[in-house]
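Novice: Below is a structure I'd like to ask you about.
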2 protein chains.
Amino acid sequence: MIAANDPALRSWVDVPAESDFPIQNLPFGIVRPADGEPRVAVRIGDMALDLAALHAAGLLNPAEFEAEDFATKSLNRILAKDKAAWRRLRDRVSTLLRHDNPSLRDNEQLRAACLLPVGELQMLMPVEVGDYTDFYSSIEHATNVGIMFRDPENALLPNWKHLPVGYHGRASSIIVSGQDVRRPVGQTRPNDSEPPQFGPTRLLDFELEMAFVTGAGKELGQRITSTEADDYIFGMVLFNDWSARDIQKWEYVPLGPFLAKSFASSISAWVVTLDALEPFRVAGPEQDPPVQPYLHTQGDKNIDIDLEVFIENEAFPAHRVSHSNFKYMYWNMAQQLTHQTVNGCNVRAGDMYASGTISGPTPDSYGSMLEITWRGSKPVDMPDGTQRKFINDHDTVIMRGTCRKGDVRIGFGEVRARVLPALEV
Amino acid sequence: MIAANDPALRSWVDVPAESDFPIQNLPFGIVRPADGEPRVAVRIGDMALDLAALHAAGLLNPAEFEAEDFATKSLNRILAKDKAAWRRLRDRVSTLLRHDNPSLRDNEQLRAACLLPVGELQMLMPVEVGDYTDFYSSIEHATNVGIMFRDPENALLPNWKHLPVGYHGRASSIIVSGQDVRRPVGQTRPNDSEPPQFGPTRLLDFELEMAFVTGAGKELGQRITSTEADDYIFGMVLFNDWSARDIQKWEYVPLGPFLAKSFASSISAWVVTLDALEPFRVAGPEQDPPVQPYLHTQGDKNIDIDLEVFIENEAFPAHRVSHSNFKYMYWNMAQQLTHQTVNGCNVRAGDMYASGTISGPTPDSYGSMLEITWRGSKPVDMPDGTQRKFINDHDTVIMRGTCRKGDVRIGFGEVRARVLPALEV
């Protein structure tokens with residue numbers, strides 16, 4: 001067992017009941033105090049531990065890390081190190097936060113300087129994303145889309161069960177939770193017998209996804225094998241892959257989604273380490289037909305992460321529209337990263353790999369409005385008496401994710417984004 | 001007219017006849033001397049002018065540029081400035097290199113320190129690519145592919161003439177000319193009635209493309225209009241979009257090309273400024289049906305760039321297999337960048353936007369082996385008596401591009417890459 005995951009650990013920092021951030025979690029993020037510069041922090045309870053201040057005070061391993069690794073605006077310098085270094089860092093932070101460790105607990109001045117209330121901090125993008133890939137790895141989602149848009153008898157395309165289908169996405173427009181999303185404009189063609197139109201999307205949707213963040217991979221031309229893959233995965237975030245369904249329908253043949261996705265993707269601010277998620281591993285679904293040898297994995301490779309999506313509006317509080325789970329994924333993260341590099345493609349520190357929409361087996365577990373309302377044919381009731389087929393202006397979409405096992409519960413906080421009306425065309 | 005483009009200009013630096021790099025060009029790159037650090041340079045003739053040394057000597061505008069803008073491993077800091085700054089910098093370099101300007105010419109010591117023979121330099125990737133988009137903007141190429149793989153009667157899909165179709169590509173595997181390319185392995189399914197296979201691609205191809213590099217765009221949510229677009233384009237490079245046709249065929253539905261492209265894309269090392277290319281503007285093809293208002297452009301938006309592709313091998317010298325021209329593009333660069341941002345997608349300094357394969361109207365002007373050999377049905381003879389359907393191990397593919405008008409000729413040098421055999425599966 002990873003020492004920092006010990007369920008018996010308690011911290012001298014007060015952690016509210018039902019917090020996503022007990023000492024067993026310790027996710028990493030980038031915070032900016034009201035009058036300060038960005039720096040690396042670890043979250044515990046409602047506080048952020050400032051690693052730049054901690055390093056300056058000599059409480060982090062000075063031989064392994066430099067001041068610039070923490071006094072910086074992204075996790076990329078830390079990501080460029082390896083799994084062993086990430087693990088030593090999290091272990092060290094865990095040790096400092098244990099209820100029985102006095103070194104920081106009893107140093108009132110340093111404690112005040114290092115331990116910052118998250119409510120007083122701005123959360124920034126945790127990573128500078130080099131490349132971003134979006135996979136398509138939920139069999140329930142791929143099946144639903146296949147039924148709606150292609151052929152109910154052959155919903156999955158022939159390649160789907162042989163390889164984790166994915167495509168390159170736009171890295172520049174990945175934004176952090178809390179940042180508003182502008183409704184995009186673009187070309188659509190609602191009626192095939194009429195010319196295309198131009199204007200705001202009418203079918204703005206969320207996609208419930210999770211994404212993993214990598215460390216530095218191998219050189220171009222080298223592969224990461226399925227047994228090595230987890231060593232290159234630093235951690236995970238919630239991922240809302242905003243989608244404009246009408247723009248997508250018109251533009252996506254033959255080269256895939258483009259402007260329908262590139263206007264924004266929202267992520268949660270705290271990167272939960274893969275180490276912290278290890279206790280919540282579960283077996284994935286049986287893969288039949290068997291996958292090719294290069295995609296073989298051993299042991300429990302899925303993770304039991306309870307996922308929820310809410311719509312919130314000035315007229316009503318957060319209303320749940322989906323309840324899914326990351327454990328449903330057909331293709332696991334090790335298989336995704338292995339496939340990504342099998343052709344020699346290089347991976348960089350800060351790359352992001354999203355799962356694709358995470359739908360479960362029942363309609364209440366579908367991960368997009370497209371599926372929940374079945375292309376708008378089954379609108380969803382909101383608490384104020386209105387209905388939603390897709391997402392309206394001024395709606396806020398919130399996603400949450402939590403893991404529970406015994407008395408331990410860890411989570412991702414949330415990814416939240418409000419939709420602003422389109423700019424004038 | 002842009003002063004630095006004056007056809008009458010001559011330099012005190014000796015420029016060989018038929019050089020791609022007279023004083024009217026002055027492209028930017030990143031060079032590394034054998035015993036030194038990377039720095040920004042401008043090429044003239046067979047020499048590279050070291051801008052870091054020039055700045056340190058006080059010969060570049062110290063108010064506008066810092067030492068770190070030139071003593072660095074990418075052009076991104078310069079790209080983050082605006083068109084006016086780029087133009088002042090090129091103008092200043094042009095002035096210093098004019099035959100009648102003594103300030104550098106007659107300073108023997110500084111000249112020896114600043115003017116480095118390119119043969120003694122390593123050329124590095126000129127930019128750190130943030131996002132990379134590959135368009136599909138040659139009507140001849142799209143038509144050829146449509147005839148081969150879909151329906152000769154409806155070769156172009158319905159959206160093709162309404163918007164510049166494109167997709168997100170992999171930025172991490174863009175490499176500079178001279179770097180070898182490893183033949184990729186992956187899944188293919190040559191026979192639909194049999195299971196997929198795993199192994200080296202059998203159908204390795206080049207794609208003759210050009211790409212433009214951008215400065216910093218607008219914030220997320222804002223659009224770059226078609227009249228503004230050229231202001232955000234710094235310059236262009238030759239682009240070989242290496243492709244594995246058999247991997248692509250099996251993987252690409254429904255989300256587009258992925259591993260078939262992400263193993264390598266090769267670019268030329270010197271970024272030719274859009275300013276230097278202005279004298280070679282020509283009208284593009286008529287767009288019928290008329291494009292939507294947001295895609296309207298005025299004036300000559302295409303560029304007459306003569307393009308050639310060669311295959312070279314130990315057994316024979318460079319043998320030309322294609323002779324095309326960038327002027328054939330149906331969609332111009334301003335339209336591509338406008339379309340890319342119409343949904344509010346943000347553009348960053350160092351982004352790269354490739355044209356898609358540039359095929360002309362005749363078979364000798366097709367920009368890929370796929371088209372030249374028509375899926376391998378018409379192999380091409382090589383000087384040693386062998387034939388090529390696609391690209392063999394140990395072949396080197398070379399692309400060149402030149403512009404001519406009156407007595408002025410400028411060019412891109414070349415992009416060159418040799419294919420190494422696949423690693424053991």
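In the structure tokens, chains take the letters A, B, ... in the order shown, each chain's residues start at 1, and ligands count up from 1 in the order shown.
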Pull the strand (DSSP E or B) assignments for region 10-61 of chain B out of DSSP run on the backbone, and list those residues as number ranges by chain.
Specialist: B: 11, 28-33, 39-44, 47-50
Novice: Restricting the output to N, CA and C atoms, write the selected residues as a CSV table (one decimal), in the first residue's frame.
Specialist:
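Printed below is out17.csv as written:
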```csv
chain,number,residue,atom,x,y,z
B,11,SER,N,23.0,43.0,-50.9
B,11,SER,CA,23.7,42.9,-49.6
B,11,SER,C,25.2,42.9,-49.8
B,28,PHE,N,13.5,33.6,-40.6
B,28,PHE,CA,14.0,33.5,-39.2
B,28,PHE,C,14.1,32.0,-38.8
B,29,GLY,N,15.1,31.7,-38.0
B,29,GLY,CA,15.2,30.3,-37.5
B,29,GLY,C,15.9,30.2,-36.2
B,30,ILE,N,16.1,29.0,-35.7
B,30,ILE,CA,16.8,28.8,-34.4
B,30,ILE,C,18.1,28.0,-34.8
B,31,VAL,N,19.3,28.5,-34.5
B,31,VAL,CA,20.5,27.8,-34.8
B,31,VAL,C,21.2,27.5,-33.5
B,32,ARG,N,22.0,26.4,-33.6
B,32,ARG,CA,22.9,26.1,-32.4
B,32,ARG,C,24.3,25.9,-33.0
B,33,PRO,N,25.3,26.7,-32.6
B,33,PRO,CA,26.7,26.5,-33.0
B,33,PRO,C,27.2,25.2,-32.3
B,39,ARG,N,20.0,30.1,-30.4
B,39,ARG,CA,19.7,31.5,-30.5
B,39,ARG,C,18.9,31.8,-31.8
B,40,VAL,N,18.3,32.9,-31.9
B,40,VAL,CA,17.5,33.3,-33.1
B,40,VAL,C,18.5,33.8,-34.1
B,41,ALA,N,18.3,33.4,-35.4
B,41,ALA,CA,19.1,33.9,-36.5
B,41,ALA,C,18.2,34.2,-37.7
B,42,VAL,N,18.8,35.0,-38.6
B,42,VAL,CA,18.2,35.3,-39.9
B,42,VAL,C,19.2,34.8,-40.9
B,43,ARG,N,18.6,34.2,-41.9
B,43,ARG,CA,19.5,33.6,-43.0
B,43,ARG,C,19.7,34.6,-44.1
B,44,ILE,N,20.9,34.7,-44.6
B,44,ILE,CA,21.2,35.4,-45.8
B,44,ILE,C,22.3,34.6,-46.6
B,47,MET,N,24.9,32.1,-45.0
B,47,MET,CA,25.2,32.5,-43.6
B,47,MET,C,24.0,32.7,-42.8
B,48,ALA,N,24.2,32.6,-41.5
B,48,ALA,CA,23.1,32.9,-40.5
B,48,ALA,C,23.6,34.1,-39.7
B,49,LEU,N,22.7,35.1,-39.6
B,49,LEU,CA,23.1,36.3,-38.8
B,49,LEU,C,22.5,36.1,-37.4
B,50,ASP,N,23.4,36.0,-36.4
B,50,ASP,CA,23.1,35.7,-35.0
B,50,ASP,C,22.4,37.0,-34.4
```
Novice: Using only C-alpha atoms, find the residues of chain B whose closest atom to chain A is at most 8 Å away, then write them as a PDB file with C-alpha atoms, in the first residue's frame.
Specialist:
```pdb
ATOM      1  CA  GLY B 130       1.118  25.025 -29.184  1.00  0.00           C
ATOM      2  CA  ASP B 131      -1.698  23.740 -31.322  1.00  0.00           C
ATOM      3  CA  LEU B 157     -18.578  15.955 -49.546  1.00  0.00           C
ATOM      4  CA  ASN B 159     -19.559  20.717 -46.697  1.00  0.00           C
ATOM      5  CA  HIS B 162     -18.759  25.880 -47.724  1.00  0.00           C
ATOM      6  CA  VAL B 165     -12.469  21.439 -43.556  1.00  0.00           C
ATOM      7  CA  GLY B 166      -9.718  20.776 -41.031  1.00  0.00           C
ATOM      8  CA  TYR B 167      -8.836  18.748 -37.954  1.00  0.00           C
ATOM      9  CA  HIS B 168      -6.581  19.018 -34.946  1.00  0.00           C
ATOM     10  CA  GLY B 169      -3.205  17.298 -35.360  1.00  0.00           C
ATOM     11  CA  ARG B 170      -0.424  16.244 -33.016  1.00  0.00           C
ATOM     12  CA  ALA B 171       1.993  19.032 -32.075  1.00  0.00           C
ATOM     13  CA  SER B 172       4.563  16.992 -30.144  1.00  0.00           C
ATOM     14  CA  SER B 173       5.727  15.010 -33.161  1.00  0.00           C
ATOM     15  CA  VAL B 181      11.493   9.357 -39.292  1.00  0.00           C
ATOM     16  CA  ARG B 182      10.876   5.899 -37.847  1.00  0.00           C
ATOM     17  CA  PRO B 184       5.424   3.435 -37.491  1.00  0.00           C
ATOM     18  CA  VAL B 185       3.726   0.249 -36.385  1.00  0.00           C
ATOM     19  CA  GLY B 186       0.050  -0.064 -35.681  1.00  0.00           C
ATOM     20  CA  PRO B 196      -7.086  -6.763 -37.749  1.00  0.00           C
ATOM     21  CA  PHE B 198      -0.454  -5.521 -36.087  1.00  0.00           C
ATOM     22  CA  LEU B 220     -10.794  32.912 -25.894  1.00  0.00           C
ATOM     23  CA  GLY B 221     -14.278  33.847 -27.079  1.00  0.00           C
ATOM     24  CA  TRP B 250      -8.779   1.255 -40.238  1.00  0.00           C
ATOM     25  CA  GLU B 251      -8.744   3.847 -37.454  1.00  0.00           C
ATOM     26  CA  TYR B 252     -10.246   6.998 -38.917  1.00  0.00           C
ATOM     27  CA  VAL B 253     -14.014   6.440 -38.598  1.00  0.00           C
ATOM     28  CA  PRO B 254     -15.787   8.246 -37.117  1.00  0.00           C
ATOM     29  CA  LEU B 255     -13.398  10.765 -35.482  1.00  0.00           C
ATOM     30  CA  GLY B 256     -10.712  11.347 -38.101  1.00  0.00           C
ATOM     31  CA  PRO B 257      -6.995  10.583 -38.599  1.00  0.00           C
ATOM     32  CA  PHE B 258      -5.060   9.832 -35.413  1.00  0.00           C
ATOM     33  CA  LEU B 259      -2.043   7.481 -35.211  1.00  0.00           C
ATOM     34  CA  SER B 262       0.979  11.504 -35.234  1.00  0.00           C
ATOM     35  CA  PHE B 263       4.283   9.631 -35.609  1.00  0.00           C
ATOM     36  CA  ALA B 264       5.995  12.551 -37.396  1.00  0.00           C
ATOM     37  CA  GLN B 292     -20.487  32.920 -46.280  1.00  0.00           C
ATOM     38  CA  GLN B 340     -10.483  28.437 -36.992  1.00  0.00           C
ATOM     39  CA  VAL B 342     -15.075  31.948 -35.694  1.00  0.00           C
ATOM     40  CA  ASN B 343     -16.294  29.919 -32.702  1.00  0.00           C
ATOM     41  CA  GLY B 344     -14.107  31.922 -30.317  1.00  0.00           C
ATOM     42  CA  CYS B 345     -11.192  29.465 -30.333  1.00  0.00           C
ATOM     43  CA  ASN B 346      -8.043  31.238 -29.187  1.00  0.00           C
ATOM     44  CA  VAL B 347      -4.781  31.249 -31.130  1.00  0.00           C
ATOM     45  CA  ARG B 348      -1.371  31.323 -29.460  1.00  0.00           C
TER      46      ARG B 348
END
```
Novice: If we count only C-alpha atoms, what is near Asp106 (chain A) at a cut-off of 12 Å, once residues fewer than 6 positions away on the same chain are taken out, given as a compact mmCIF listing (two decimals) with N, CA, C and O atoms, in the first residue's frame?
Specialist:
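Okay, result_4.txt is ready:
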```txt
# COMPACT_ATOMS: atom_id res chain seq x y z
N TRP A 12 -3.48 17.22 11.32
CA TRP A 12 -3.72 18.30 12.28
C TRP A 12 -4.50 19.45 11.64
O TRP A 12 -4.99 20.34 12.35
N VAL A 13 -4.62 19.43 10.31
CA VAL A 13 -5.47 20.43 9.65
C VAL A 13 -6.92 19.93 9.74
O VAL A 13 -7.19 18.76 9.47
N LEU A 96 4.21 15.73 6.64
CA LEU A 96 4.14 17.06 7.29
C LEU A 96 2.74 17.36 7.82
O LEU A 96 2.60 18.13 8.78
N LEU A 97 1.73 16.76 7.19
CA LEU A 97 0.34 17.08 7.58
C LEU A 97 -0.24 16.07 8.58
O LEU A 97 -1.36 16.25 9.05
N HIS A 99 -1.26 14.18 11.91
CA HIS A 99 -1.63 14.79 13.19
C HIS A 99 -0.49 14.76 14.20
O HIS A 99 -0.39 15.62 15.08
N ASP A 100 0.42 13.78 14.05
CA ASP A 100 1.46 13.63 15.06
C ASP A 100 2.80 14.23 14.65
O ASP A 100 3.81 13.99 15.28
N ALA A 112 1.02 29.88 9.28
CA ALA A 112 0.19 30.98 8.76
C ALA A 112 0.62 31.38 7.36
O ALA A 112 -0.20 31.77 6.53
```
Novice: Enumerate the residues of region 328-394 of chain A with a DSSP assignment of alpha helix (DSSP H), computed from the backbone, and present them as a PyMOL selection string.
Specialist: chain A and resi 333-341+369-372
Novice: Hey, can you spit out that residue selection with N, CA and C atoms as a compact mmCIF listing (two decimals), in the first residue's frame?
Specialist:
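File produced: part.txt:
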```txt
# COMPACT_ATOMS: atom_id res chain seq x y z
N MET A 333 -7.19 3.59 -18.98
CA MET A 333 -6.20 4.64 -19.27
C MET A 333 -4.87 4.08 -19.75
N ALA A 334 -4.46 2.94 -19.18
CA ALA A 334 -3.19 2.34 -19.62
C ALA A 334 -3.29 1.92 -21.09
N GLN A 335 -4.43 1.40 -21.47
CA GLN A 335 -4.62 1.03 -22.88
C GLN A 335 -4.63 2.26 -23.78
N GLN A 336 -5.24 3.33 -23.31
CA GLN A 336 -5.30 4.57 -24.11
C GLN A 336 -3.88 5.12 -24.35
N LEU A 337 -3.08 5.19 -23.27
CA LEU A 337 -1.74 5.77 -23.43
C LEU A 337 -0.84 4.84 -24.25
N THR A 338 -1.02 3.54 -24.08
CA THR A 338 -0.25 2.57 -24.87
C THR A 338 -0.59 2.72 -26.35
N HIS A 339 -1.88 2.82 -26.64
CA HIS A 339 -2.28 2.96 -28.04
C HIS A 339 -1.76 4.29 -28.61
N GLN A 340 -1.86 5.35 -27.83
CA GLN A 340 -1.40 6.67 -28.29
C GLN A 340 0.05 6.64 -28.76
N THR A 341 0.89 5.82 -28.12
CA THR A 341 2.32 5.85 -28.41
C THR A 341 2.80 4.65 -29.22
N MET A 369 -26.43 15.69 -22.73
CA MET A 369 -27.84 16.00 -22.97
C MET A 369 -28.31 15.31 -24.25
N LEU A 370 -27.42 15.17 -25.22
CA LEU A 370 -27.76 14.45 -26.45
C LEU A 370 -28.38 13.10 -26.14
N GLU A 371 -27.75 12.39 -25.20
CA GLU A 371 -28.25 11.05 -24.85
C GLU A 371 -29.39 11.12 -23.84
N ILE A 372 -29.25 12.02 -22.83
CA ILE A 372 -30.27 12.09 -21.78
C ILE A 372 -31.64 12.43 -22.38
```
